[in-house]
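Pasted below: coords-v9.txt, compact mmCIF, N, CA and C atoms.
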# COMPACT_ATOMS: atom_id res chain seq x y z
N MET A 1 18.21 -37.46 -102.11
CA MET A 1 17.89 -36.49 -101.08
C MET A 1 16.59 -35.77 -101.42
N PHE A 2 16.41 -35.40 -102.66
CA PHE A 2 15.20 -34.68 -103.06
C PHE A 2 14.37 -35.53 -104.00
N ASN A 3 14.08 -36.76 -103.62
CA ASN A 3 13.34 -37.66 -104.48
C ASN A 3 11.87 -37.29 -104.62
N ASP A 4 11.33 -36.58 -103.66
CA ASP A 4 9.91 -36.27 -103.70
C ASP A 4 9.61 -34.88 -104.27
N ILE A 5 10.60 -34.20 -104.81
CA ILE A 5 10.39 -32.89 -105.42
C ILE A 5 10.18 -33.08 -106.91
N GLY A 6 9.06 -32.57 -107.41
CA GLY A 6 8.74 -32.67 -108.82
C GLY A 6 9.41 -31.57 -109.62
N PRO A 7 9.33 -31.67 -110.96
CA PRO A 7 9.98 -30.65 -111.81
C PRO A 7 9.38 -29.26 -111.62
N LEU A 8 8.08 -29.17 -111.44
CA LEU A 8 7.46 -27.85 -111.26
C LEU A 8 7.91 -27.23 -109.93
N GLU A 9 8.02 -28.03 -108.89
CA GLU A 9 8.49 -27.52 -107.61
C GLU A 9 9.94 -27.08 -107.69
N LEU A 10 10.76 -27.81 -108.44
CA LEU A 10 12.17 -27.45 -108.60
C LEU A 10 12.31 -26.11 -109.34
N VAL A 11 11.53 -25.94 -110.38
CA VAL A 11 11.56 -24.67 -111.13
C VAL A 11 11.10 -23.53 -110.22
N THR A 12 10.09 -23.78 -109.42
CA THR A 12 9.60 -22.75 -108.50
C THR A 12 10.68 -22.36 -107.49
N LEU A 13 11.41 -23.35 -106.97
CA LEU A 13 12.49 -23.05 -106.03
C LEU A 13 13.60 -22.25 -106.68
N ILE A 14 13.95 -22.58 -107.91
CA ILE A 14 15.01 -21.85 -108.63
C ILE A 14 14.60 -20.40 -108.86
N VAL A 15 13.36 -20.20 -109.32
CA VAL A 15 12.88 -18.84 -109.57
C VAL A 15 12.84 -18.06 -108.26
N LEU A 16 12.41 -18.69 -107.19
CA LEU A 16 12.35 -18.02 -105.89
C LEU A 16 13.76 -17.65 -105.40
N ALA A 17 14.73 -18.55 -105.61
CA ALA A 17 16.11 -18.26 -105.21
C ALA A 17 16.68 -17.10 -106.01
N VAL A 18 16.40 -17.04 -107.29
CA VAL A 18 16.89 -15.93 -108.12
C VAL A 18 16.26 -14.62 -107.66
N LEU A 19 14.96 -14.65 -107.32
CA LEU A 19 14.30 -13.43 -106.87
C LEU A 19 14.81 -12.97 -105.51
N VAL A 20 15.08 -13.91 -104.60
CA VAL A 20 15.49 -13.53 -103.25
C VAL A 20 16.95 -13.08 -103.23
N PHE A 21 17.86 -13.86 -103.85
CA PHE A 21 19.29 -13.55 -103.76
C PHE A 21 19.81 -12.73 -104.94
N GLY A 22 19.10 -12.70 -106.01
CA GLY A 22 19.55 -11.96 -107.19
C GLY A 22 20.48 -12.82 -108.03
N PRO A 23 20.53 -12.56 -109.33
CA PRO A 23 21.34 -13.40 -110.23
C PRO A 23 22.84 -13.24 -110.01
N ASP A 24 23.29 -12.13 -109.46
CA ASP A 24 24.72 -11.94 -109.27
C ASP A 24 25.22 -12.55 -107.94
N LYS A 25 24.38 -12.63 -106.90
CA LYS A 25 24.80 -13.20 -105.62
C LYS A 25 24.47 -14.69 -105.49
N LEU A 26 23.63 -15.22 -106.38
CA LEU A 26 23.20 -16.61 -106.27
C LEU A 26 24.35 -17.61 -106.40
N PRO A 27 25.28 -17.46 -107.37
CA PRO A 27 26.39 -18.44 -107.44
C PRO A 27 27.25 -18.46 -106.17
N LYS A 28 27.51 -17.29 -105.59
CA LYS A 28 28.29 -17.23 -104.35
C LYS A 28 27.54 -17.90 -103.21
N PHE A 29 26.23 -17.71 -103.14
CA PHE A 29 25.42 -18.34 -102.10
C PHE A 29 25.43 -19.87 -102.25
N ILE A 30 25.32 -20.37 -103.47
CA ILE A 30 25.35 -21.81 -103.72
C ILE A 30 26.70 -22.39 -103.30
N GLN A 31 27.78 -21.68 -103.61
CA GLN A 31 29.12 -22.15 -103.19
C GLN A 31 29.24 -22.19 -101.67
N ASP A 32 28.73 -21.18 -100.99
CA ASP A 32 28.79 -21.16 -99.53
C ASP A 32 27.98 -22.30 -98.91
N VAL A 33 26.81 -22.53 -99.44
CA VAL A 33 25.96 -23.61 -98.92
C VAL A 33 26.61 -24.96 -99.17
N SER A 34 27.15 -25.18 -100.36
CA SER A 34 27.78 -26.47 -100.65
C SER A 34 29.04 -26.67 -99.80
N ARG A 35 29.80 -25.62 -99.56
CA ARG A 35 30.99 -25.72 -98.70
C ARG A 35 30.58 -26.05 -97.26
N THR A 36 29.52 -25.43 -96.78
CA THR A 36 29.04 -25.71 -95.43
C THR A 36 28.56 -27.15 -95.31
N LEU A 37 27.81 -27.63 -96.30
CA LEU A 37 27.34 -29.01 -96.28
C LEU A 37 28.51 -30.00 -96.32
N ARG A 38 29.53 -29.69 -97.09
CA ARG A 38 30.71 -30.55 -97.17
C ARG A 38 31.42 -30.61 -95.82
N LYS A 39 31.53 -29.47 -95.14
CA LYS A 39 32.18 -29.44 -93.82
C LYS A 39 31.36 -30.23 -92.79
N ILE A 40 30.06 -30.09 -92.85
CA ILE A 40 29.20 -30.84 -91.92
C ILE A 40 29.34 -32.33 -92.17
N ARG A 41 29.39 -32.74 -93.43
CA ARG A 41 29.54 -34.16 -93.77
C ARG A 41 30.90 -34.69 -93.29
N GLU A 42 31.97 -33.90 -93.49
CA GLU A 42 33.30 -34.31 -93.00
C GLU A 42 33.32 -34.42 -91.48
N PHE A 43 32.70 -33.47 -90.80
CA PHE A 43 32.64 -33.50 -89.34
C PHE A 43 31.90 -34.75 -88.86
N SER A 44 30.80 -35.07 -89.52
CA SER A 44 30.01 -36.25 -89.16
C SER A 44 30.80 -37.54 -89.40
N ASP A 45 31.48 -37.62 -90.53
CA ASP A 45 32.28 -38.82 -90.82
C ASP A 45 33.43 -38.97 -89.82
N ASN A 46 34.08 -37.86 -89.47
CA ASN A 46 35.16 -37.92 -88.48
C ASN A 46 34.64 -38.35 -87.11
N ALA A 47 33.48 -37.85 -86.73
CA ALA A 47 32.89 -38.22 -85.44
C ALA A 47 32.54 -39.71 -85.44
N LYS A 48 31.98 -40.23 -86.52
CA LYS A 48 31.66 -41.65 -86.61
C LYS A 48 32.92 -42.50 -86.53
N HIS A 49 33.96 -42.07 -87.22
CA HIS A 49 35.22 -42.81 -87.19
C HIS A 49 35.82 -42.81 -85.78
N ASP A 50 35.78 -41.66 -85.10
CA ASP A 50 36.31 -41.58 -83.74
C ASP A 50 35.52 -42.48 -82.78
N ILE A 51 34.22 -42.48 -82.91
CA ILE A 51 33.39 -43.31 -82.02
C ILE A 51 33.67 -44.78 -82.26
N ARG A 52 33.76 -45.18 -83.53
CA ARG A 52 34.05 -46.59 -83.84
C ARG A 52 35.43 -47.01 -83.31
N SER A 53 36.41 -46.12 -83.44
CA SER A 53 37.75 -46.47 -82.94
C SER A 53 37.77 -46.54 -81.42
N GLU A 54 36.98 -45.73 -80.74
CA GLU A 54 36.93 -45.75 -79.28
C GLU A 54 36.16 -46.95 -78.75
N LEU A 55 35.18 -47.44 -79.50
CA LEU A 55 34.40 -48.59 -79.04
C LEU A 55 35.21 -49.87 -79.04
N GLY A 56 36.15 -49.99 -79.94
CA GLY A 56 37.01 -51.17 -79.96
C GLY A 56 36.58 -52.19 -81.00
N PRO A 57 37.34 -53.29 -81.09
CA PRO A 57 37.09 -54.28 -82.14
C PRO A 57 35.81 -55.09 -81.94
N GLU A 58 35.29 -55.16 -80.71
CA GLU A 58 34.06 -55.94 -80.51
C GLU A 58 32.84 -55.27 -81.13
N PHE A 59 32.94 -54.00 -81.47
CA PHE A 59 31.84 -53.28 -82.10
C PHE A 59 32.18 -52.94 -83.55
N LYS A 60 32.91 -53.84 -84.22
CA LYS A 60 33.32 -53.54 -85.60
C LYS A 60 32.14 -53.53 -86.56
N ASP A 61 31.05 -54.28 -86.26
CA ASP A 61 29.89 -54.29 -87.14
C ASP A 61 28.81 -53.30 -86.68
N PHE A 62 29.15 -52.40 -85.77
CA PHE A 62 28.21 -51.40 -85.28
C PHE A 62 27.87 -50.40 -86.37
N GLU A 63 26.60 -50.16 -86.56
CA GLU A 63 26.13 -49.15 -87.50
C GLU A 63 25.30 -48.14 -86.73
N PHE A 64 25.45 -46.88 -87.06
CA PHE A 64 24.71 -45.84 -86.36
C PHE A 64 23.23 -45.89 -86.67
N GLU A 65 22.86 -46.53 -87.77
CA GLU A 65 21.45 -46.70 -88.09
C GLU A 65 20.79 -47.64 -87.09
N ASP A 66 21.60 -48.48 -86.40
CA ASP A 66 21.05 -49.40 -85.40
C ASP A 66 20.54 -48.65 -84.17
N LEU A 67 20.91 -47.41 -84.02
CA LEU A 67 20.41 -46.63 -82.90
C LEU A 67 18.94 -46.28 -83.07
N ASN A 68 18.44 -46.36 -84.30
CA ASN A 68 17.02 -46.21 -84.55
C ASN A 68 16.33 -47.48 -84.06
N PRO A 69 15.36 -47.37 -83.16
CA PRO A 69 14.74 -48.58 -82.60
C PRO A 69 14.13 -49.50 -83.65
N LYS A 70 13.53 -48.95 -84.70
CA LYS A 70 12.93 -49.79 -85.74
C LYS A 70 14.00 -50.61 -86.46
N ALA A 71 15.10 -49.97 -86.81
CA ALA A 71 16.17 -50.68 -87.52
C ALA A 71 16.81 -51.72 -86.61
N PHE A 72 16.97 -51.41 -85.33
CA PHE A 72 17.57 -52.36 -84.39
C PHE A 72 16.69 -53.59 -84.24
N LEU A 73 15.38 -53.38 -84.07
CA LEU A 73 14.47 -54.51 -83.92
C LEU A 73 14.42 -55.35 -85.18
N ARG A 74 14.40 -54.70 -86.33
CA ARG A 74 14.36 -55.43 -87.60
C ARG A 74 15.61 -56.30 -87.74
N LYS A 75 16.76 -55.76 -87.37
CA LYS A 75 18.00 -56.52 -87.46
C LYS A 75 17.99 -57.70 -86.49
N GLN A 76 17.49 -57.50 -85.28
CA GLN A 76 17.46 -58.57 -84.29
C GLN A 76 16.44 -59.64 -84.64
N LEU A 77 15.32 -59.25 -85.23
CA LEU A 77 14.30 -60.23 -85.61
C LEU A 77 14.72 -61.04 -86.81
N ASP A 78 15.54 -60.47 -87.68
CA ASP A 78 16.03 -61.23 -88.83
C ASP A 78 17.14 -62.18 -88.44
N ASN A 79 17.75 -61.97 -87.29
CA ASN A 79 18.79 -62.86 -86.79
C ASN A 79 18.13 -64.17 -86.36
N ASP A 80 18.63 -65.30 -86.85
CA ASP A 80 17.98 -66.59 -86.59
C ASP A 80 18.54 -67.29 -85.36
N ASP A 81 19.36 -66.63 -84.55
CA ASP A 81 19.92 -67.26 -83.35
C ASP A 81 18.83 -67.59 -82.34
N LEU A 82 17.79 -66.78 -82.27
CA LEU A 82 16.74 -66.99 -81.28
C LEU A 82 15.61 -67.89 -81.78
N GLY A 83 15.59 -68.20 -83.07
CA GLY A 83 14.53 -69.02 -83.63
C GLY A 83 13.23 -68.26 -83.82
N LEU A 84 13.33 -66.95 -83.98
CA LEU A 84 12.12 -66.14 -84.11
C LEU A 84 11.48 -66.26 -85.49
N LYS A 85 12.24 -66.71 -86.48
CA LYS A 85 11.65 -66.88 -87.82
C LYS A 85 10.60 -67.97 -87.80
N ASP A 86 10.83 -69.04 -87.02
CA ASP A 86 9.84 -70.11 -86.92
C ASP A 86 8.56 -69.61 -86.27
N ILE A 87 8.71 -68.82 -85.22
CA ILE A 87 7.54 -68.28 -84.54
C ILE A 87 6.80 -67.31 -85.44
N ARG A 88 7.53 -66.47 -86.13
CA ARG A 88 6.90 -65.50 -87.02
C ARG A 88 6.22 -66.18 -88.19
N GLY A 89 6.77 -67.33 -88.63
CA GLY A 89 6.16 -68.07 -89.74
C GLY A 89 4.85 -68.73 -89.35
N THR A 90 4.69 -69.12 -88.09
CA THR A 90 3.46 -69.77 -87.66
C THR A 90 2.38 -68.79 -87.26
N PHE A 91 2.72 -67.56 -87.04
CA PHE A 91 1.75 -66.56 -86.61
C PHE A 91 1.08 -65.95 -87.84
N ASP A 92 -0.23 -66.06 -87.90
CA ASP A 92 -1.00 -65.51 -89.02
C ASP A 92 -1.78 -64.32 -88.50
N LEU A 93 -1.29 -63.13 -88.78
CA LEU A 93 -1.90 -61.91 -88.26
C LEU A 93 -3.30 -61.69 -88.82
N ARG A 94 -3.51 -62.03 -90.08
CA ARG A 94 -4.84 -61.81 -90.67
C ARG A 94 -5.89 -62.67 -89.97
N ARG A 95 -5.55 -63.93 -89.71
CA ARG A 95 -6.51 -64.81 -89.06
C ARG A 95 -6.78 -64.34 -87.63
N GLU A 96 -5.72 -63.92 -86.93
CA GLU A 96 -5.91 -63.44 -85.56
C GLU A 96 -6.78 -62.19 -85.53
N MET A 97 -6.54 -61.28 -86.45
CA MET A 97 -7.35 -60.05 -86.50
C MET A 97 -8.79 -60.35 -86.89
N ALA A 98 -9.00 -61.30 -87.81
CA ALA A 98 -10.36 -61.67 -88.20
C ALA A 98 -11.09 -62.31 -87.03
N GLU A 99 -10.41 -63.15 -86.27
CA GLU A 99 -11.04 -63.75 -85.10
C GLU A 99 -11.39 -62.69 -84.06
N LEU A 100 -10.51 -61.73 -83.86
CA LEU A 100 -10.78 -60.66 -82.91
C LEU A 100 -11.95 -59.81 -83.36
N THR A 101 -11.99 -59.48 -84.64
CA THR A 101 -13.10 -58.69 -85.17
C THR A 101 -14.41 -59.44 -85.05
N ASP A 102 -14.39 -60.74 -85.35
CA ASP A 102 -15.60 -61.54 -85.25
C ASP A 102 -16.08 -61.64 -83.80
N SER A 103 -15.14 -61.77 -82.88
CA SER A 103 -15.55 -61.87 -81.47
C SER A 103 -16.14 -60.56 -80.98
N VAL A 104 -15.63 -59.43 -81.47
CA VAL A 104 -16.18 -58.14 -81.07
C VAL A 104 -17.55 -57.93 -81.69
N ASN A 105 -17.71 -58.34 -82.95
CA ASN A 105 -18.97 -58.15 -83.64
C ASN A 105 -19.98 -59.23 -83.33
N GLY A 106 -19.54 -60.33 -82.72
CA GLY A 106 -20.46 -61.40 -82.36
C GLY A 106 -20.74 -62.36 -83.50
N HIS A 107 -19.94 -62.36 -84.54
CA HIS A 107 -20.12 -63.28 -85.66
C HIS A 107 -19.33 -64.55 -85.42
N ASP A 108 -19.74 -65.63 -86.11
CA ASP A 108 -19.01 -66.89 -86.03
C ASP A 108 -18.59 -67.28 -87.43
N THR A 109 -17.45 -66.73 -87.91
CA THR A 109 -16.96 -67.04 -89.26
C THR A 109 -15.60 -67.68 -89.22
N ALA A 110 -15.24 -68.33 -88.12
CA ALA A 110 -13.92 -68.95 -87.99
C ALA A 110 -13.76 -70.11 -88.97
N SER A 111 -14.88 -70.79 -89.30
CA SER A 111 -14.79 -71.92 -90.23
C SER A 111 -14.59 -71.44 -91.66
N ALA A 112 -14.94 -70.19 -91.96
CA ALA A 112 -14.80 -69.69 -93.33
C ALA A 112 -13.41 -69.14 -93.59
N LEU A 113 -12.59 -68.99 -92.55
CA LEU A 113 -11.26 -68.43 -92.73
C LEU A 113 -10.32 -69.45 -93.33
N PRO A 114 -9.45 -69.05 -94.23
CA PRO A 114 -8.47 -69.99 -94.75
C PRO A 114 -7.39 -70.26 -93.72
N GLY A 115 -6.75 -71.40 -93.86
CA GLY A 115 -5.65 -71.73 -92.98
C GLY A 115 -6.08 -72.75 -91.95
N PRO A 116 -5.16 -73.10 -91.08
CA PRO A 116 -5.47 -74.13 -90.09
C PRO A 116 -6.50 -73.64 -89.09
N ALA A 117 -7.34 -74.56 -88.67
CA ALA A 117 -8.36 -74.23 -87.70
C ALA A 117 -7.73 -74.13 -86.32
N PRO A 118 -8.32 -73.39 -85.43
CA PRO A 118 -7.79 -73.30 -84.07
C PRO A 118 -7.78 -74.68 -83.43
N THR A 119 -6.73 -74.96 -82.66
CA THR A 119 -6.54 -76.30 -82.12
C THR A 119 -7.32 -76.51 -80.83
N SER A 120 -7.51 -75.50 -80.04
CA SER A 120 -8.20 -75.69 -78.77
C SER A 120 -9.35 -74.72 -78.66
N ALA A 121 -10.48 -75.24 -78.19
CA ALA A 121 -11.65 -74.41 -77.96
C ALA A 121 -11.96 -74.44 -76.48
N PRO A 122 -11.81 -73.33 -75.75
CA PRO A 122 -11.99 -73.35 -74.32
C PRO A 122 -13.43 -73.62 -73.89
N SER A 123 -14.40 -73.30 -74.72
CA SER A 123 -15.79 -73.54 -74.34
C SER A 123 -16.57 -73.91 -75.58
N ALA A 124 -17.84 -74.16 -75.40
CA ALA A 124 -18.66 -74.58 -76.53
C ALA A 124 -18.85 -73.44 -77.53
N SER A 125 -18.77 -72.21 -77.08
CA SER A 125 -18.94 -71.07 -77.98
C SER A 125 -17.65 -70.69 -78.67
N GLY A 126 -16.62 -71.49 -78.53
CA GLY A 126 -15.35 -71.19 -79.18
C GLY A 126 -14.53 -70.17 -78.42
N GLY A 127 -14.89 -69.88 -77.15
CA GLY A 127 -14.11 -68.93 -76.36
C GLY A 127 -14.41 -67.49 -76.72
N ARG A 128 -15.48 -67.27 -77.47
CA ARG A 128 -15.81 -65.92 -77.90
C ARG A 128 -16.75 -65.28 -76.88
N VAL A 129 -16.58 -64.00 -76.70
CA VAL A 129 -17.41 -63.25 -75.78
C VAL A 129 -18.34 -62.39 -76.61
N ASP A 130 -19.61 -62.47 -76.32
CA ASP A 130 -20.58 -61.66 -77.05
C ASP A 130 -20.66 -60.30 -76.38
N MET A 131 -20.11 -59.29 -77.06
CA MET A 131 -20.04 -57.95 -76.49
C MET A 131 -21.36 -57.19 -76.62
N THR A 132 -22.33 -57.74 -77.38
CA THR A 132 -23.59 -57.04 -77.57
C THR A 132 -24.56 -57.30 -76.44
N LYS A 133 -24.38 -58.40 -75.73
CA LYS A 133 -25.28 -58.72 -74.61
C LYS A 133 -24.84 -57.97 -73.37
N LYS A 134 -25.85 -57.56 -72.57
CA LYS A 134 -25.55 -56.93 -71.30
C LYS A 134 -25.21 -58.02 -70.30
N PRO A 135 -24.20 -57.80 -69.48
CA PRO A 135 -23.88 -58.82 -68.49
C PRO A 135 -24.99 -58.93 -67.45
N GLU A 136 -25.28 -60.16 -67.05
CA GLU A 136 -26.31 -60.37 -66.04
C GLU A 136 -25.74 -60.00 -64.68
N PRO A 137 -26.54 -59.32 -63.85
CA PRO A 137 -26.02 -58.95 -62.53
C PRO A 137 -25.82 -60.20 -61.68
N ALA A 138 -24.80 -60.15 -60.86
CA ALA A 138 -24.50 -61.27 -59.98
C ALA A 138 -25.57 -61.33 -58.89
N LYS A 139 -26.04 -62.53 -58.60
CA LYS A 139 -27.08 -62.69 -57.58
C LYS A 139 -26.41 -62.71 -56.21
N ASP A 140 -26.90 -61.83 -55.34
CA ASP A 140 -26.35 -61.70 -54.01
C ASP A 140 -27.48 -61.81 -53.01
N ASP A 141 -27.32 -62.61 -51.97
CA ASP A 141 -28.37 -62.81 -50.97
C ASP A 141 -28.43 -61.68 -49.96
N ARG A 142 -27.38 -60.89 -49.87
CA ARG A 142 -27.35 -59.82 -48.89
C ARG A 142 -28.14 -58.62 -49.40
N PRO A 143 -28.79 -57.89 -48.50
CA PRO A 143 -29.47 -56.68 -48.93
C PRO A 143 -28.44 -55.59 -49.23
N PRO A 144 -28.82 -54.60 -50.03
CA PRO A 144 -27.87 -53.54 -50.36
C PRO A 144 -27.51 -52.74 -49.11
N PHE A 145 -26.30 -52.22 -49.08
CA PHE A 145 -25.80 -51.44 -47.96
C PHE A 145 -26.39 -50.04 -48.02
N ASP A 146 -26.94 -49.59 -46.91
CA ASP A 146 -27.51 -48.25 -46.84
C ASP A 146 -26.72 -47.47 -45.79
N ALA A 147 -25.93 -46.50 -46.23
CA ALA A 147 -25.07 -45.75 -45.32
C ALA A 147 -25.89 -44.85 -44.41
N ASP A 148 -27.08 -44.38 -44.84
CA ASP A 148 -27.89 -43.48 -44.01
C ASP A 148 -28.59 -44.24 -42.90
N ALA A 149 -28.80 -45.52 -43.08
CA ALA A 149 -29.53 -46.29 -42.09
C ALA A 149 -28.68 -46.63 -40.87
N THR A 150 -27.40 -46.57 -40.97
CA THR A 150 -26.57 -46.96 -39.83
C THR A 150 -26.04 -45.79 -39.05

Written as structure tokens, that's how I'd like the structure from this file.
Amino acid sequence: MFNDIGPLELVTLIVLAVLVFGPDKLPKFIQDVSRTLRKIREFSDNAKHDIRSELGPEFKDFEFEDLNPKAFLRKQLDNDDLGLKDIRGTFDLRREMAELTDSVNGHDTASALPGPAPTSAPSASGGRVDMTKKPEPAKDDRPPFDADAT
């Protein structure tokens, strides 16, 4: 619970508690806090047990941590029923990000990247768009529209 509290911080908290509550009231305060935490934990466990019993046997493997979207997605992606492990194994995020960065910067370093080369090239430039060039205006034979002239 307090894994990120160092020894100096712990000593500071103890000294602060002694100064605020006094040495004679501090043991009673610690007992009250621990009793309250114990009651809250019992209430939470009873509520979890009641919910699980009300859901029925089809939700016997239900965990309340699954209500966290990250944990739920992680559990579903690790499940191999959908074949997502094969898709995740073929997807190389580093290569995709390097290709995206190169296309934005206008570099051509796809041949220097490790791993399999891209299988299809939509155009001679490798499907990359040069973002540094200004787009050429479309040629239109019609004269510009002048709202004041009509």

- Provide the atom N of Ala71 (chain A) to CA of Phe91 (chain A) distance in Å, to one decimal place.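 Computing the Euclidean distance for atom N of Ala71 (chain A) and CA of Phe91 (chain A) yields 21.3 Å.
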
- Task: Excluding Lys48 (chain A) and residues on its chain fewer than 6 positions from it, collect all residues at most 10 Å away from it, counting only C-alpha atoms, and give them as a list of chain:residue names.
- Result: A:Glu42, A:Glu54, A:Glu63, A:Phe64

- Query: Can you tell me how far CA of Gln76 (chain A) sits from atom C of Phe62 (chain A), in Å to one decimal?
  - Reply: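 Taking CA of Gln76 (chain A) as the start and atom C of Phe62 (chain A) as the end point, the length is 13.4 Å.
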
- Item | Point-to-point distance from CA of Val15 (chain A) to CA of Asn3 (chain A), Å rounded to tenths | 19.5 Å
